[in-house]
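Structure below is target-v3.pdb: PDB, C-alpha atoms and all ligand atoms.
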ATOM      1  CA  MET A  29       4.661  -3.148   9.432
ATOM      2  CA  ASP A  30       6.928  -5.278  11.648
ATOM      3  CA  GLU A  31       5.083  -8.408  10.627
ATOM      4  CA  LYS A  32       5.545  -7.501   6.958
ATOM      5  CA  ASN A  33       9.277  -6.968   7.526
ATOM      6  CA  GLY A  34       9.459 -10.286   9.308
ATOM      7  CA  THR A  35       7.890 -12.240   6.422
ATOM      8  CA  GLU A  36      10.151 -10.484   3.930
ATOM      9  CA  ARG A  37      13.205 -11.421   5.995
ATOM     10  CA  ILE A  38      12.072 -15.037   6.125
ATOM     11  CA  LYS A  39      11.562 -14.980   2.361
ATOM     12  CA  GLN A  40      15.044 -13.559   1.846
ATOM     13  CA  LEU A  41      16.500 -16.194   4.118
ATOM     14  CA  GLU A  42      14.680 -18.953   2.263
ATOM     15  CA  GLU A  43      16.034 -17.596  -1.051
ATOM     16  CA  LEU A  44      19.538 -17.530   0.379
ATOM     17  CA  LEU A  45      19.170 -21.063   1.644
ATOM     18  CA  LYS A  46      17.960 -22.224  -1.753
ATOM     19  CA  GLU A  47      20.958 -20.572  -3.436
ATOM     20  CA  GLN A  48      23.305 -22.190  -0.951
ATOM     21  CA  GLN A  49      21.786 -25.607  -1.535
ATOM     22  CA  GLN A  50      22.132 -25.096  -5.266
ATOM     23  CA  SER A  51      25.778 -24.092  -4.890
ATOM     24  CA  ALA A  52      26.420 -27.093  -2.681
ATOM     25  CA  ARG A  53      24.857 -29.410  -5.284
ATOM     26  CA  LEU A  54      26.992 -27.754  -7.976
ATOM     27  CA  LEU A  55      30.106 -28.225  -5.878
ATOM     28  CA  VAL A  56      29.359 -31.909  -5.328
ATOM     29  CA  ARG A  57      28.780 -32.395  -9.061
ATOM     30  CA  ARG A  58      32.004 -30.513  -9.886
ATOM     31  CA  ASP A  59      33.889 -32.612  -7.372
ATOM     32  CA  LEU A  60      32.575 -35.780  -8.996
ATOM     33  CA  GLU A  61      33.502 -34.522 -12.461
ATOM     34  CA  LEU A  62      37.008 -33.661 -11.282
ATOM     35  CA  ALA A  63      37.410 -37.069  -9.653
ATOM     36  CA  ARG A  64      36.339 -38.741 -12.911
ATOM     37  CA  ALA A  65      38.704 -36.536 -14.969
ATOM     38  CA  ASN A  66      41.492 -37.410 -12.556
ATOM     39  CA  GLU A  67      40.780 -41.122 -12.917
ATOM     40  CA  LYS A  68      40.832 -40.729 -16.697
ATOM     41  CA  LEU A  69      44.168 -38.880 -16.550
ATOM     42  CA  GLN A  70      45.651 -41.603 -14.365
ATOM     43  CA  GLU A  71      44.410 -44.162 -16.865
ATOM     44  CA  PHE A  72      46.038 -42.220 -19.748
ATOM     45  CA  ASP A  73      49.224 -41.916 -17.728
ATOM     46  CA  GLU A  74      49.280 -45.666 -17.201
ATOM     47  CA  ILE A  75      48.695 -46.240 -20.938
ATOM     48  CA  LYS A  76      51.503 -43.792 -21.812
ATOM     49  CA  SER A  77      53.807 -45.459 -19.325
ATOM     50  CA  ASN A  78      53.053 -48.940 -20.686
ATOM     51  CA  PHE A  79      53.530 -47.665 -24.225
ATOM     52  CA  ILE A  80      56.975 -46.214 -23.421
ATOM     53  CA  SER A  81      57.961 -49.359 -21.595
ATOM     54  CA  VAL A  82      56.888 -51.724 -24.408
ATOM     55  CA  VAL A  83      58.448 -49.591 -27.177
ATOM     56  CA  ALA A  84      61.677 -49.075 -25.246
ATOM     57  CA  HIS A  85      62.048 -52.772 -24.457
ATOM     58  CA  GLN A  86      61.248 -53.741 -28.048
ATOM     59  CA  LEU A  87      63.875 -51.305 -29.309
ATOM     60  CA  ARG A  88      66.477 -52.334 -26.783
ATOM     61  CA  THR A  89      66.447 -56.028 -27.682
ATOM     62  CA  PRO A  90      67.551 -55.659 -31.335
ATOM     63  CA  LEU A  91      69.994 -52.912 -30.361
ATOM     64  CA  SER A  92      71.626 -55.260 -27.865
ATOM     65  CA  GLY A  93      71.821 -57.877 -30.616
ATOM     66  CA  ILE A  94      73.512 -55.365 -32.927
ATOM     67  CA  LYS A  95      75.943 -54.439 -30.147
ATOM     68  CA  TRP A  96      76.852 -58.069 -29.645
ATOM     69  CA  THR A  97      77.419 -58.673 -33.371
ATOM     70  CA  LEU A  98      79.476 -55.500 -33.804
ATOM     71  CA  ASN A  99      81.555 -56.508 -30.833
ATOM     72  CA  MET A 100      82.323 -59.859 -32.416
ATOM     73  CA  LEU A 101      83.262 -58.189 -35.707
ATOM     74  CA  LEU A 102      85.472 -55.630 -33.969
ATOM     75  CA  ASN A 103      87.208 -58.339 -31.946
ATOM     76  CA  GLY A 104      88.054 -60.127 -35.197
ATOM     77  CA  ASP A 105      85.976 -63.189 -34.204
ATOM     78  CA  LEU A 106      84.508 -63.330 -37.714
ATOM     79  CA  GLY A 107      87.752 -62.680 -39.595
ATOM     80  CA  ALA A 108      90.378 -59.970 -39.789
ATOM     81  CA  LEU A 109      89.287 -56.435 -40.699
ATOM     82  CA  ASN A 110      91.252 -53.671 -42.348
ATOM     83  CA  ASN A 111      91.580 -50.277 -40.632
ATOM     84  CA  ASP A 112      88.849 -48.587 -42.667
ATOM     85  CA  GLN A 113      86.392 -51.344 -41.913
ATOM     86  CA  LYS A 114      87.289 -51.132 -38.225
ATOM     87  CA  THR A 115      86.805 -47.337 -38.146
ATOM     88  CA  PHE A 116      83.352 -47.536 -39.706
ATOM     89  CA  LEU A 117      82.282 -50.394 -37.497
ATOM     90  CA  MET A 118      83.541 -48.514 -34.438
ATOM     91  CA  LYS A 119      81.364 -45.540 -35.398
ATOM     92  CA  SER A 120      78.331 -47.804 -35.736
ATOM     93  CA  TYR A 121      79.164 -49.371 -32.395
ATOM     94  CA  GLU A 122      79.234 -45.941 -30.716
ATOM     95  CA  SER A 123      75.982 -44.773 -32.337
ATOM     96  CA  ASN A 124      74.328 -47.992 -31.293
ATOM     97  CA  ASN A 125      75.573 -47.509 -27.741
ATOM     98  CA  ARG A 126      74.213 -43.962 -27.644
ATOM     99  CA  MET A 127      70.800 -45.282 -28.666
ATOM    100  CA  ILE A 128      70.925 -47.875 -25.902
ATOM    101  CA  THR A 129      71.817 -45.151 -23.364
ATOM    102  CA  LEU A 130      68.962 -42.958 -24.581
ATOM    103  CA  ILE A 131      66.469 -45.806 -24.292
ATOM    104  CA  ASN A 132      67.710 -46.670 -20.816
ATOM    105  CA  ASP A 133      67.324 -43.020 -19.786
ATOM    106  CA  MET A 134      63.762 -43.007 -21.140
ATOM    107  CA  LEU A 135      62.942 -46.177 -19.246
ATOM    108  CA  ASP A 136      64.476 -44.866 -16.013
ATOM    109  CA  THR A 137      62.601 -41.566 -16.308
ATOM    110  CA  ASP A 138      59.347 -43.379 -16.892
ATOM    111  CA  ARG A 139      59.981 -45.683 -13.937
ATOM    112  CA  ILE A 140      60.707 -42.668 -11.723
ATOM    113  CA  GLN A 141      57.566 -40.852 -12.802
ATOM    114  CA  SER A 142      55.270 -43.826 -12.467
ATOM    115  CA  GLY A 143      56.787 -44.786  -9.116
ATOM    116  CA  LYS A 144      57.964 -48.124 -10.545
ATOM    117  CA  MET A 145      61.687 -47.624  -9.928
ATOM    118  CA  HIS A 146      62.852 -50.546  -7.849
ATOM    119  CA  TYR A 147      65.349 -49.982  -5.032
ATOM    120  CA  GLY A 148      67.028 -52.938  -3.350
ATOM    121  CA  PHE A 149      69.144 -51.430  -0.570
ATOM    122  CA  ARG A 150      72.145 -53.228   0.920
ATOM    123  CA  TYR A 151      75.502 -52.343   2.479
ATOM    124  CA  ILE A 152      78.295 -51.783  -0.028
ATOM    125  CA  ASN A 153      81.681 -50.179  -0.291
ATOM    126  CA  ILE A 154      81.132 -47.117  -2.489
ATOM    127  CA  VAL A 155      84.796 -47.122  -3.576
ATOM    128  CA  ASP A 156      84.315 -50.541  -5.202
ATOM    129  CA  LEU A 157      81.304 -49.236  -7.077
ATOM    130  CA  LEU A 158      83.244 -46.163  -8.205
ATOM    131  CA  ASP A 159      86.144 -48.341  -9.360
ATOM    132  CA  ASN A 160      83.730 -50.446 -11.319
ATOM    133  CA  VAL A 161      82.094 -47.507 -13.089
ATOM    134  CA  LEU A 162      85.513 -45.966 -13.770
ATOM    135  CA  PHE A 163      86.679 -49.192 -15.379
ATOM    136  CA  GLU A 164      83.662 -49.163 -17.698
ATOM    137  CA  ILE A 165      83.940 -45.566 -18.802
ATOM    138  CA  SER A 166      87.727 -45.301 -19.024
ATOM    139  CA  PRO A 167      87.964 -46.349 -22.739
ATOM    140  CA  GLU A 168      85.920 -43.254 -23.652
ATOM    141  CA  ALA A 169      88.205 -41.053 -21.528
ATOM    142  CA  ILE A 170      91.328 -42.569 -23.102
ATOM    143  CA  LYS A 171      89.881 -42.003 -26.562
ATOM    144  CA  ARG A 172      89.392 -38.323 -25.763
ATOM    145  CA  ASN A 173      92.782 -38.072 -24.080
ATOM    146  CA  ILE A 174      91.215 -37.135 -20.747
ATOM    147  CA  SER A 175      92.967 -38.230 -17.581
ATOM    148  CA  ILE A 176      91.033 -39.415 -14.554
ATOM    149  CA  GLU A 177      92.444 -39.223 -11.046
ATOM    150  CA  PHE A 178      90.707 -40.996  -8.196
ATOM    151  CA  LYS A 179      91.765 -39.486  -4.881
ATOM    152  CA  ARG A 180      91.583 -41.795  -1.920
ATOM    153  CA  LYS A 181      92.218 -39.667   1.114
ATOM    154  CA  LEU A 182      90.804 -42.231   3.525
ATOM    155  CA  GLU A 183      91.493 -45.924   3.363
ATOM    156  CA  ASN A 184      88.763 -47.031   5.701
ATOM    157  CA  LEU A 185      85.588 -45.360   4.590
ATOM    158  CA  PRO A 186      82.432 -46.703   6.204
ATOM    159  CA  GLN A 187      80.111 -48.791   4.076
ATOM    160  CA  VAL A 188      76.934 -47.171   2.831
ATOM    161  CA  TYR A 189      73.441 -48.576   2.550
ATOM    162  CA  VAL A 190      72.485 -48.130  -1.103
ATOM    163  CA  ASP A 191      70.793 -49.771  -4.026
ATOM    164  CA  PRO A 192      73.875 -50.628  -6.135
ATOM    165  CA  GLU A 193      72.022 -50.637  -9.473
ATOM    166  CA  THR A 194      70.471 -47.170  -9.280
ATOM    167  CA  MET A 195      73.508 -45.698  -7.509
ATOM    168  CA  ARG A 196      75.638 -47.029 -10.354
ATOM    169  CA  ALA A 197      73.312 -45.309 -12.864
ATOM    170  CA  ALA A 198      73.647 -41.986 -10.990
ATOM    171  CA  LEU A 199      77.448 -42.244 -10.886
ATOM    172  CA  GLN A 200      77.619 -43.286 -14.504
ATOM    173  CA  ASN A 201      75.546 -40.293 -15.614
ATOM    174  CA  LEU A 202      77.751 -37.857 -13.695
ATOM    175  CA  LEU A 203      81.016 -39.378 -14.905
ATOM    176  CA  GLU A 204      79.837 -39.669 -18.497
ATOM    177  CA  ASN A 205      78.861 -35.994 -18.411
ATOM    178  CA  ALA A 206      82.260 -35.062 -17.025
ATOM    179  CA  ILE A 207      83.889 -36.848 -19.972
ATOM    180  CA  LYS A 208      81.384 -35.589 -22.568
ATOM    181  CA  TYR A 209      81.718 -31.960 -21.550
ATOM    182  CA  THR A 210      85.470 -31.890 -21.052
ATOM    183  CA  ILE A 211      87.716 -30.599 -23.783
ATOM    184  CA  GLU A 212      90.368 -32.954 -25.228
ATOM    185  CA  SER A 213      93.369 -33.447 -22.931
ATOM    186  CA  GLY A 214      91.371 -32.290 -19.924
ATOM    187  CA  LYS A 215      91.315 -33.754 -16.453
ATOM    188  CA  ILE A 216      88.717 -35.300 -14.180
ATOM    189  CA  VAL A 217      89.262 -35.685 -10.454
ATOM    190  CA  LEU A 218      87.092 -37.975  -8.420
ATOM    191  CA  ASP A 219      87.056 -37.786  -4.645
ATOM    192  CA  VAL A 220      85.236 -39.457  -1.758
ATOM    193  CA  GLU A 221      85.367 -38.171   1.774
ATOM    194  CA  GLN A 222      83.412 -38.422   4.965
ATOM    195  CA  VAL A 223      81.609 -35.228   5.956
ATOM    196  CA  GLU A 224      79.909 -35.748   9.322
ATOM    197  CA  ASP A 225      77.498 -38.664   8.907
ATOM    198  CA  MET A 226      77.593 -38.589   5.129
ATOM    199  CA  LEU A 227      79.961 -39.759   2.415
ATOM    200  CA  GLN A 228      80.528 -36.959  -0.050
ATOM    201  CA  ILE A 229      81.470 -37.826  -3.611
ATOM    202  CA  SER A 230      82.783 -35.121  -5.924
ATOM    203  CA  ILE A 231      83.519 -35.196  -9.636
ATOM    204  CA  ASN A 232      85.552 -32.277 -10.869
ATOM    205  CA  ASP A 233      86.244 -31.600 -14.536
ATOM    206  CA  THR A 234      88.090 -29.015 -16.590
ATOM    207  CA  GLY A 235      85.286 -28.823 -19.147
ATOM    208  CA  ILE A 236      82.999 -26.291 -20.798
ATOM    209  CA  GLY A 237      81.210 -25.349 -17.557
ATOM    210  CA  ILE A 238      77.596 -24.304 -17.132
ATOM    211  CA  PRO A 239      76.523 -20.806 -18.233
ATOM    212  CA  GLU A 240      75.373 -18.683 -15.286
ATOM    213  CA  ASP A 241      71.870 -18.086 -16.663
ATOM    214  CA  GLN A 242      71.256 -21.834 -17.130
ATOM    215  CA  LYS A 243      72.398 -23.071 -13.745
ATOM    216  CA  LYS A 244      68.886 -23.115 -12.298
ATOM    217  CA  LYS A 245      67.561 -25.421 -14.976
ATOM    218  CA  ILE A 246      70.066 -28.186 -15.370
ATOM    219  CA  PHE A 247      68.310 -30.757 -13.170
ATOM    220  CA  GLU A 248      65.075 -30.323 -15.116
ATOM    221  CA  ARG A 249      63.897 -33.093 -17.407
ATOM    222  CA  PHE A 250      65.026 -32.680 -21.043
ATOM    223  CA  PHE A 251      67.032 -29.536 -20.308
ATOM    224  CA  ARG A 252      70.314 -29.255 -22.218
ATOM    225  CA  GLY A 253      72.728 -26.362 -21.871
ATOM    226  CA  ARG A 254      73.296 -24.135 -24.874
ATOM    227  CA  ASN A 255      77.065 -24.777 -24.885
ATOM    228  CA  ALA A 256      76.459 -28.498 -24.267
ATOM    229  CA  VAL A 257      74.247 -28.844 -27.348
ATOM    230  CA  LYS A 258      76.913 -27.122 -29.423
ATOM    231  CA  ARG A 259      79.598 -29.502 -28.197
ATOM    232  CA  GLU A 260      77.643 -32.755 -28.022
ATOM    233  CA  THR A 261      74.715 -32.960 -30.367
ATOM    234  CA  ASP A 262      73.593 -36.221 -28.764
ATOM    235  CA  GLY A 263      71.974 -36.135 -25.382
ATOM    236  CA  SER A 264      68.567 -36.510 -23.820
ATOM    237  CA  GLY A 265      68.735 -33.979 -20.997
ATOM    238  CA  LEU A 266      67.564 -36.762 -18.665
ATOM    239  CA  GLY A 267      70.820 -37.838 -16.996
ATOM    240  CA  LEU A 268      70.932 -35.228 -14.252
ATOM    241  CA  TYR A 269      67.211 -35.539 -13.516
ATOM    242  CA  ILE A 270      67.706 -39.281 -13.042
ATOM    243  CA  ALA A 271      70.854 -38.783 -10.922
ATOM    244  CA  LYS A 272      69.118 -36.233  -8.680
ATOM    245  CA  THR A 273      66.076 -38.433  -8.134
ATOM    246  CA  ILE A 274      68.271 -41.410  -7.240
ATOM    247  CA  VAL A 275      70.527 -39.445  -4.873
ATOM    248  CA  GLU A 276      67.511 -37.966  -3.078
ATOM    249  CA  LYS A 277      65.854 -41.389  -2.820
ATOM    250  CA  HIS A 278      69.015 -42.466  -0.978
ATOM    251  CA  GLY A 279      68.570 -39.592   1.480
ATOM    252  CA  GLY A 280      71.386 -37.520  -0.025
ATOM    253  CA  THR A 281      71.704 -34.180  -1.791
ATOM    254  CA  ILE A 282      73.252 -33.201  -5.098
ATOM    255  CA  TRP A 283      74.652 -29.828  -6.155
ATOM    256  CA  PHE A 284      77.381 -28.309  -8.282
ATOM    257  CA  GLU A 285      79.815 -25.448  -8.695
ATOM    258  CA  SER A 286      80.660 -24.345 -12.178
ATOM    259  CA  GLU A 287      82.265 -21.622 -14.208
ATOM    260  CA  GLU A 288      81.802 -21.396 -17.941
ATOM    261  CA  ASN A 289      84.904 -22.405 -19.912
ATOM    262  CA  LYS A 290      86.714 -23.378 -16.704
ATOM    263  CA  GLY A 291      85.034 -26.468 -15.372
ATOM    264  CA  THR A 292      82.427 -28.028 -13.152
ATOM    265  CA  THR A 293      82.331 -29.958  -9.902
ATOM    266  CA  PHE A 294      79.314 -32.076  -9.064
ATOM    267  CA  TYR A 295      78.908 -33.133  -5.442
ATOM    268  CA  PHE A 296      76.525 -35.584  -3.893
ATOM    269  CA  THR A 297      76.126 -37.138  -0.499
ATOM    270  CA  VAL A 298      75.038 -40.558   0.708
ATOM    271  CA  PRO A 299      74.069 -41.024   4.366
ATOM    272  CA  ILE A 300      76.025 -43.541   6.373
ATOM    273  CA  LYS A 301      73.241 -44.290   8.850
ATOM    274  CA  ILE A 302      70.291 -46.339   7.625
ATOM    275  CA  GLU A 303      67.848 -44.251   9.684
ATOM    276  CA  ASP A 304      68.634 -41.234   7.515
ATOM    277  CA  ILE A 305      67.627 -43.173   4.421
ATOM    278  CA  LYS A 306      64.502 -44.603   5.956
ATOM    279  CA  LYS A 307      63.346 -41.115   6.962
ATOM    280  CA  ASN A 308      63.419 -40.149   3.283
TER
HETATM  281  P1  LIG A 401      72.621 -34.426 -21.400
HETATM  282  O1  LIG A 401      74.031 -34.667 -20.979
HETATM  283  O2  LIG A 401      72.019 -35.557 -22.144
HETATM  284  O3  LIG A 401      72.450 -33.113 -22.099
HETATM  285  P2  LIG A 401      72.030 -34.232 -18.547
HETATM  286  O4  LIG A 401      70.717 -34.248 -17.853
HETATM  287  O5  LIG A 401      73.015 -35.261 -18.146
HETATM  288  O6  LIG A 401      71.705 -34.304 -20.092
HETATM  289  O7  LIG A 401      72.670 -32.807 -18.320
HETATM  290  C1  LIG A 401      71.864 -31.655 -18.493
HETATM  291  C2  LIG A 401      72.736 -30.474 -18.886
HETATM  292  O8  LIG A 401      73.579 -30.094 -17.789
HETATM  293  C3  LIG A 401      73.686 -30.732 -20.024
HETATM  294  O9  LIG A 401      73.071 -30.610 -21.284
HETATM  295  C4  LIG A 401      74.741 -29.663 -19.787
HETATM  296  O10 LIG A 401      74.284 -28.417 -20.234
HETATM  297  C5  LIG A 401      74.810 -29.594 -18.263
HETATM  298  N1  LIG A 401      75.918 -30.407 -17.709
HETATM  299  C6  LIG A 401      75.824 -31.566 -17.049
HETATM  300  N2  LIG A 401      77.030 -32.003 -16.639
HETATM  301  C7  LIG A 401      77.924 -31.093 -17.056
HETATM  302  C8  LIG A 401      79.343 -30.964 -16.937
HETATM  303  N3  LIG A 401      80.085 -31.857 -16.295
HETATM  304  N4  LIG A 401      79.919 -29.859 -17.495
HETATM  305  C9  LIG A 401      79.179 -28.926 -18.135
HETATM  306  N5  LIG A 401      77.837 -28.994 -18.279
HETATM  307  C10 LIG A 401      77.210 -30.053 -17.751
END

Starting from the coordinates I provided, produce the structure as structure tokens.
Amino acid sequence: MDEKNGTERIKQLEELLKEQQQSARLLVRRDLELARANEKLQEFDEIKSNFISVVAHQLRTPLSGIKWTLNMLLNGDLGALNNDQKTFLMKSYESNNRMITLINDMLDTDRIQSGKMHYGFRYINIVDLLDNVLFEISPEAIKRNISIEFKRKLENLPQVYVDPETMRAALQNLLENAIKYTIESGKIVLDVEQVEDMLQISINDTGIGIPEDQKKKIFERFFRGRNAVKRETDGSGLGLYIAKTIVEKHGGTIWFESEENKGTTFYFTVPIKIEDIKKN
């Protein structure tokens, strides 16, 4: 009786072992299949990324050409224009510019996602960069009758170690939003201050604000606020995603305070010490 039990146990054990071996083989096969599927997905991702890059670059070249020609026409380089002609050309110039911005946003987003965004860090004075961006965007603010105040509480701010190109893109996105989402005759206040070992930049506007129930989503790719879409039909919903990625790559943080129909303040920090960036 005991012997019989013993052989049955051995049989059961052998069965179990067989099942386990089968499961192990299945797992290995599954693992291989998953690895292959993953490789395929990466390949598709690379193809998609190349496709976006080629299309975007191909589109950007003629658009830049159009911009250049329109500029010449508007400046009167090709003869004097009457007011109607100027108004229509100005509208084309703005539409063309919006397309260029959209394409640049697409390219930046793709670079971020494929890890191809290039950062060339060096020491700069952030106030100079801010001045530069302000100079570029001020015609749009003047057109909308929006005043911009740049507070300079401290004369001698320390230099920061940043990549000027991407940092400029982040600043530009935030300032352009402040203008876009501010009602005519509104006000934008820009401030830079040192908070411990960080420089803190803030951009306050008296605009449409961000609805409470949408606050969580605004840094997501392609997200556009309900009130924002109503006010500005053009927009990609990529600007804040790009700005956040860039700020975080610099070792900083970005956040905002906002009240619908009152205004919004975006804040972001940039570390002063290089070690804080390198840790990132
Ligand atoms: P876009 O401006 O193209 O819509 P962004 O990514 O720059 O895309 O912004 C995402 C959304 O965040 C906007 O659609 C808008 O709802 C909200 N937003 C951003 N900046 C402001 C601002 N200064 N005031 C009010 N809403 C803003």

Do you know which residues lie at most 10 Å from (75.2, -50.7, -29.7), with coordinates as in the file and all atoms listed in the file counted, and could you write them as a list in words?
-> Arg88, Pro90, Leu91, Ser92, Gly93, Ile94, Lys95, Trp96, Thr97, Leu98, Asn99, Met118, Lys119, Ser120, Tyr121, Glu122, Ser123, Asn124, Asn125, Arg126, Met127, Ile128 and Thr129 of chain A

What residues have any atom no more than 9 Å from ligand LIG 401 (chain A) when counting all atoms listed in the file, and can you list them as a count of residues only?
-> 55

CA of Glu67 (chain A) to CA of Leu54 (chain A), distance in Å rounded to a single decimal | 19.8 Å

Answer key for the PyMOL selection byres (((chain A and resi 175-178) around 9) and not hetatm), residues as a list in words | Asp159, Leu162, Ser166, Ala169, Ile170, Arg172, Asn173, Ile174, Lys179, Arg180, Ser213, Gly214, Lys215, Ile216, Val217, Leu218, Asp219 and Val220 of chain A

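Separating CA of Arg259 (chain A) from CA of Ile80 (chain A) is a distance of 28.5 Å.
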
Reference answer for the PyMOL selection byres (((chain A and resi 151-153) around 12) and not hetatm), as a PyMOL selection string = chain A and resi 148-150+154-160+183-193+195-196+220+227+298-302

List, as a PyMOL selection string, every residue that the PyMOL selection byres (((chain A and resi 297) around 8) and not hetatm) selects in the file provided.
-> chain A and resi 226-229+275+280-282+295-296+298-299

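Closest approach to Ala198 (chain A) from the set A:Leu102, A:Ile75, A:Leu109, A:Val161 is made by A:Val161, with distances taken over all atoms listed in the file.
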
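Between CA of Asp136 (chain A) and CA of Lys258 (chain A) lies a distance of 25.5 Å.
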
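Using only C-alpha atoms, the smallest distance between any of A:Gln40, A:Gln141, A:Gln222, A:Gln200 and Asp73 (chain A) comes from A:Gln141.
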